[in-house]
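my_file_2.txt (compact mmCIF, C-alpha atoms) appears below.
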# COMPACT_ATOMS: atom_id res chain seq x y z
CA MET A 1 -8.57 10.82 14.24
CA TYR A 2 -11.46 10.12 16.63
CA GLU A 3 -10.42 12.14 19.70
CA ASN A 4 -11.81 9.88 22.46
CA ASN A 5 -14.80 8.82 20.34
CA PHE A 6 -13.60 5.53 18.80
CA PRO A 7 -16.45 3.90 16.82
CA ASN A 8 -16.29 0.42 18.39
CA LYS A 9 -19.85 -0.58 17.49
CA ARG A 10 -19.48 0.49 13.85
CA TYR A 11 -16.15 -1.31 13.53
CA LYS A 12 -17.57 -4.49 15.11
CA HIS A 13 -20.51 -4.58 12.68
CA THR A 14 -18.32 -3.69 9.70
CA LEU A 15 -15.76 -6.39 10.44
CA ALA A 16 -18.44 -9.06 10.95
CA PHE A 17 -20.05 -8.12 7.62
CA LEU A 18 -16.67 -8.13 5.84
CA LYS A 19 -15.81 -11.57 7.27
CA LYS A 20 -19.19 -12.89 6.14
CA HIS A 21 -18.48 -12.03 2.50
CA ILE A 22 -14.75 -11.64 1.89
CA ASN A 23 -12.06 -14.27 2.33
CA THR A 24 -8.71 -13.22 3.77
CA SER A 25 -7.03 -14.61 0.64
CA GLU A 26 -8.66 -11.87 -1.46
CA SER A 27 -6.69 -8.64 -1.86
CA ILE A 28 -8.43 -5.38 -0.89
CA LEU A 29 -8.15 -1.82 -2.15
CA ASP A 30 -9.59 0.31 0.65
CA LEU A 31 -10.74 3.72 -0.58
CA GLY A 32 -9.45 6.47 1.67
CA VAL A 33 -6.22 6.98 3.55
CA GLU A 34 -4.93 4.38 5.97
CA ASN A 35 -7.04 4.57 9.10
CA PRO A 36 -7.81 2.60 12.26
CA PHE A 37 -10.20 0.27 10.43
CA SER A 38 -7.70 -0.56 7.67
CA GLU A 39 -5.37 -1.57 10.51
CA ILE A 40 -8.13 -3.75 12.01
CA MET A 41 -8.60 -5.45 8.63
CA LYS A 42 -4.85 -6.14 8.42
CA SER A 43 -4.77 -7.53 11.97
CA ASN A 44 -7.58 -9.90 10.94
CA GLY A 45 -5.50 -11.32 8.09
CA TYR A 46 -6.67 -9.19 5.15
CA GLN A 47 -4.22 -7.87 2.55
CA VAL A 48 -5.12 -4.17 2.39
CA GLU A 49 -3.80 -1.31 0.28
CA ASN A 50 -5.25 2.18 0.69
CA THR A 51 -5.64 5.09 -1.67
CA GLN A 52 -3.51 8.07 -0.70
CA GLY A 53 -6.04 10.82 0.00
CA GLU A 54 -6.46 11.91 -3.60
CA ASP A 55 -9.77 13.60 -4.46
CA LEU A 56 -11.76 10.62 -5.77
CA ASP A 57 -14.24 12.97 -7.46
CA PHE A 58 -11.50 13.74 -10.00
CA LYS A 59 -8.59 11.33 -9.63
CA PHE A 60 -9.37 7.64 -9.92
CA ASP A 61 -6.11 6.46 -11.53
CA LYS A 62 -5.17 4.24 -8.58
CA VAL A 63 -8.67 2.76 -8.50
CA ALA A 64 -8.71 2.11 -12.26
CA ARG A 65 -5.22 0.52 -12.21
CA SER A 66 -5.78 -1.62 -9.14
CA ASP A 67 -5.83 -5.39 -9.56
CA ALA A 68 -7.34 -5.95 -6.10
CA ASP A 69 -10.03 -8.61 -5.85
CA VAL A 70 -12.23 -6.43 -3.63
CA VAL A 71 -12.76 -2.72 -3.06
CA THR A 72 -13.88 -1.51 0.34
CA ALA A 73 -15.24 1.97 1.00
CA PHE A 74 -16.27 2.56 4.59
CA GLU A 75 -17.84 5.99 5.07
CA ILE A 76 -16.22 7.42 1.91
CA PHE A 77 -18.95 8.02 -0.67
CA GLU A 78 -20.80 10.59 1.43
CA HIS A 79 -17.75 12.87 1.10
CA LEU A 80 -17.82 12.80 -2.71
CA VAL A 81 -19.89 15.13 -4.85
CA ALA A 82 -20.10 12.51 -7.63
CA PRO A 83 -19.47 8.98 -6.29
CA LEU A 84 -20.87 7.41 -9.47
CA ASN A 85 -17.65 8.31 -11.33
CA VAL A 86 -15.28 6.36 -9.10
CA LEU A 87 -17.77 3.48 -8.70
CA LYS A 88 -17.77 2.99 -12.48
CA GLU A 89 -13.94 2.91 -12.57
CA ILE A 90 -13.56 0.03 -10.10
CA LYS A 91 -12.21 -3.09 -11.83
CA ALA A 92 -12.66 -5.46 -8.87
CA LYS A 93 -15.61 -7.83 -9.06
CA LYS A 94 -16.64 -7.27 -5.41
CA ILE A 95 -17.30 -4.23 -3.25
CA VAL A 96 -18.14 -3.80 0.42
CA ALA A 97 -19.22 -0.25 1.19
CA SER A 98 -20.93 1.53 4.03
CA VAL A 99 -22.45 4.97 4.34
CA PRO A 100 -24.09 7.00 7.07
CA MET A 101 -27.83 7.12 6.57
CA ARG A 102 -29.75 10.33 6.27
CA LEU A 103 -31.41 11.17 9.58
CA TRP A 104 -34.65 13.12 9.34
CA PHE A 105 -33.97 14.78 12.67
CA SER A 106 -30.39 15.91 12.06
CA PRO A 107 -28.65 17.92 9.31
CA ALA A 108 -25.82 16.45 7.24
CA TYR A 109 -22.48 16.42 9.04
CA ARG A 110 -20.11 19.31 8.30
CA SER A 111 -16.80 19.96 10.01
CA LYS A 112 -16.12 23.65 10.34
CA THR A 113 -12.35 23.12 10.47
CA ASP A 114 -11.59 20.30 7.99
CA PRO A 115 -12.88 20.67 4.40
CA TRP A 116 -12.32 16.92 3.79
CA ASP A 117 -14.53 16.00 6.75
CA ARG A 118 -17.90 17.00 5.33
CA HIS A 119 -20.83 15.00 4.03
CA TYR A 120 -22.14 16.06 0.65
CA HIS A 121 -24.52 13.07 0.74
CA GLU A 122 -26.20 11.23 3.55
CA PHE A 123 -28.10 8.43 1.87
CA GLU A 124 -31.36 6.65 2.33
CA ASP A 125 -30.84 2.94 1.67
CA TRP A 126 -32.70 3.01 -1.66
CA GLN A 127 -30.56 5.93 -2.87
CA PHE A 128 -27.31 4.09 -2.17
CA ASP A 129 -28.67 0.91 -3.78
CA TRP A 130 -29.66 2.90 -6.86
CA LEU A 131 -26.22 4.54 -7.07
CA LEU A 132 -24.51 1.14 -6.95
CA GLU A 133 -26.91 -0.35 -9.52
CA LYS A 134 -26.37 2.58 -11.92
CA ALA A 135 -22.62 1.97 -11.63
CA GLY A 136 -23.06 -1.68 -12.67
CA TRP A 137 -23.19 -3.45 -9.30
CA THR A 138 -25.66 -6.08 -8.12
CA ILE A 139 -26.42 -5.96 -4.40
CA ILE A 140 -26.06 -9.38 -2.76
CA ASP A 141 -26.46 -8.47 0.92
CA SER A 142 -26.95 -5.44 3.15
CA ALA A 143 -27.34 -4.54 6.81
CA LYS A 144 -28.17 -1.50 8.96
CA TRP A 145 -27.49 -0.55 12.54
CA THR A 146 -28.05 2.24 15.02
CA ASN A 147 -25.46 4.49 16.63
CA PRO A 148 -26.66 5.58 20.08
CA THR A 149 -24.82 8.33 21.92
CA LYS A 150 -24.47 8.93 25.65
CA LYS A 151 -25.96 12.40 25.48
CA ILE A 152 -29.24 13.73 26.82
CA GLY A 153 -31.96 15.03 24.54
CA ILE A 154 -34.54 14.13 21.93
CA ARG A 155 -32.06 13.40 19.12
CA PRO A 156 -29.91 11.10 21.29
CA ILE A 157 -33.05 9.14 22.21
CA LEU A 158 -34.01 8.85 18.53
CA ARG A 159 -30.54 7.47 17.75
CA TYR A 160 -31.30 4.41 19.90
CA PHE A 161 -33.79 3.08 17.38
CA THR A 162 -33.10 4.97 14.13
CA ASN A 163 -30.58 3.23 11.87
CA ARG A 164 -27.50 5.36 11.22
CA TYR A 165 -25.27 3.11 9.10
CA TYR A 166 -25.95 1.07 5.98
CA ILE A 167 -23.49 -1.50 4.60
CA VAL A 168 -23.68 -3.35 1.30
CA TYR A 169 -21.92 -6.28 -0.35
CA ALA A 170 -22.25 -6.13 -4.14
CA GLU A 171 -20.74 -7.83 -7.13
CA ARG A 172 -20.03 -6.47 -10.60
CA THR A 173 -22.86 -7.21 -13.00

Starting from the coordinates I provided, produce the structure as structure tokens.
Amino acid sequence: MYENNFPNKRYKHTLAFLKKHINTSESILDLGVENPFSEIMKSNGYQVENTQGEDLDFKFDKVARSDADVVTAFEIFEHLVAPLNVLKEIKAKKIVASVPMRLWFSPAYRSKTDPWDRHYHEFEDWQFDWLLEKAGWTIIDSAKWTNPTKKIGIRPILRYFTNRYYIVYAERT
């Protein structure tokens, strides 16, 4: 999945934020297919079930039927054209979600080979907050962090101090 580019820093921050807000006794529906981070959650004692790769712009049956206590969505909503629809269908009372932030110096990510690996949205923090609020969520906590690369150039330098990821803990209003 990551081809020698495992996101250790992102996973470290995400796990710390999850542990801060979610107890291991709470069941989790993780939006997106099973992935390395869902395995990390399981190895840290969380009960995790994943969606199966269905297009969450159109098919939210599993989300609507889930009785999980918490929904997690780590780098999922940027791939959806209309994330408001699935956000409104979530029955859980808690959500932990992260998104890549829009970078003024870099275009939105787009894989040329995988149509599922494209970003329709890259959010500013206020945009993601607004999306969650419109879907009926109240933001309790949030955090941001950078994602430096080991490349040479102006953009790699900017990545040392420009936040790239935004994570939110919210509860159903």

*Suppose you want the space between CA of Trp137 in chain A and CA of Asp55 in chain A; what is it in Å?*
22.2 Å

_With distances taken over all atoms listed in the file, which residue among A:Ile90, A:Ala143, A:Glu133, A:Met41 lies nearest Arg65 in chain A?_
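Using all atoms listed in the file, the shortest distance to Arg65 in chain A belongs to A:Ile90.
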
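One finds CA of Ile28 in chain A at 4.8 Å from CA of Val48 in chain A.
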
*Near Lys91 in chain A, counting only C-alpha atoms, which residues have an atom at most 10 Å away, once you skip same-chain residues fewer than 3 positions from it, shown as a ChimeraX atom specification?*
/A:63-71,87-88,94,172

_So that I can check the surroundings of Thr51 in chain A, please list as a list in words every protein, DNA and RNA residue that reaches within 6 Å of it, counting all atoms listed in the file and ignoring chain neighbours fewer than 6 positions away._
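Final neighbour list, sorted by chain and number: Leu31, Gly32 and Val33 of chain A.
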
*Please tell me which residues are no farther than 8 Å from (-15.0, -0.9, 5.4) in the file, counting all atoms listed in the file, and write them as a ChimeraX atom specification.*
/A:14-15,18,30,37-38,72-75,96-98

Written selection (C-alpha atoms) as a short mmCIF file (atom, residue, chain, number, x, y, z; two decimals), in the coordinates of the input:
data_model
loop_
_atom_site.label_atom_id
_atom_site.label_comp_id
_atom_site.auth_asym_id
_atom_site.auth_seq_id
_atom_site.Cartn_x
_atom_site.Cartn_y
_atom_site.Cartn_z
CA THR A 14 -18.32 -3.69 9.70
CA LEU A 15 -15.76 -6.39 10.44
CA LEU A 18 -16.67 -8.13 5.84
CA ASP A 30 -9.59 0.31 0.65
CA PHE A 37 -10.20 0.27 10.43
CA SER A 38 -7.70 -0.56 7.67
CA THR A 72 -13.88 -1.51 0.34
CA ALA A 73 -15.24 1.97 1.00
CA PHE A 74 -16.27 2.56 4.59
CA GLU A 75 -17.84 5.99 5.07
CA VAL A 96 -18.14 -3.80 0.42
CA ALA A 97 -19.22 -0.25 1.19
CA SER A 98 -20.93 1.53 4.03
#

*asked:* Could you check the closest approach to Tyr160 in chain A for each of A:Glu78, A:Pro83, A:Trp145, A:Asp61 and tell me which residue wins, using only C-alpha atoms?
replied: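 Using only C-alpha atoms, Tyr160 in chain A sits closest to A:Trp145.
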
*Closest of A:Ala16, A:Ala170, A:Ile152, A:Leu158 to Ile139 in chain A - atom-to-atom distances counting only C-alpha atoms*: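 Smallest distance to Ile139 in chain A is found for A:Ala170.
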
*Select, counting all atoms listed in the file, all protein, DNA and RNA residues no farther than 12 Å from (-17.9, 12.7, -8.7) in file coordinates, and express the selection as a ChimeraX atom specification.*
/A:55-60,76-89,120-121,131

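You will find CA of Arg164 in chain A at 7.3 Å from CA of Lys144 in chain A.
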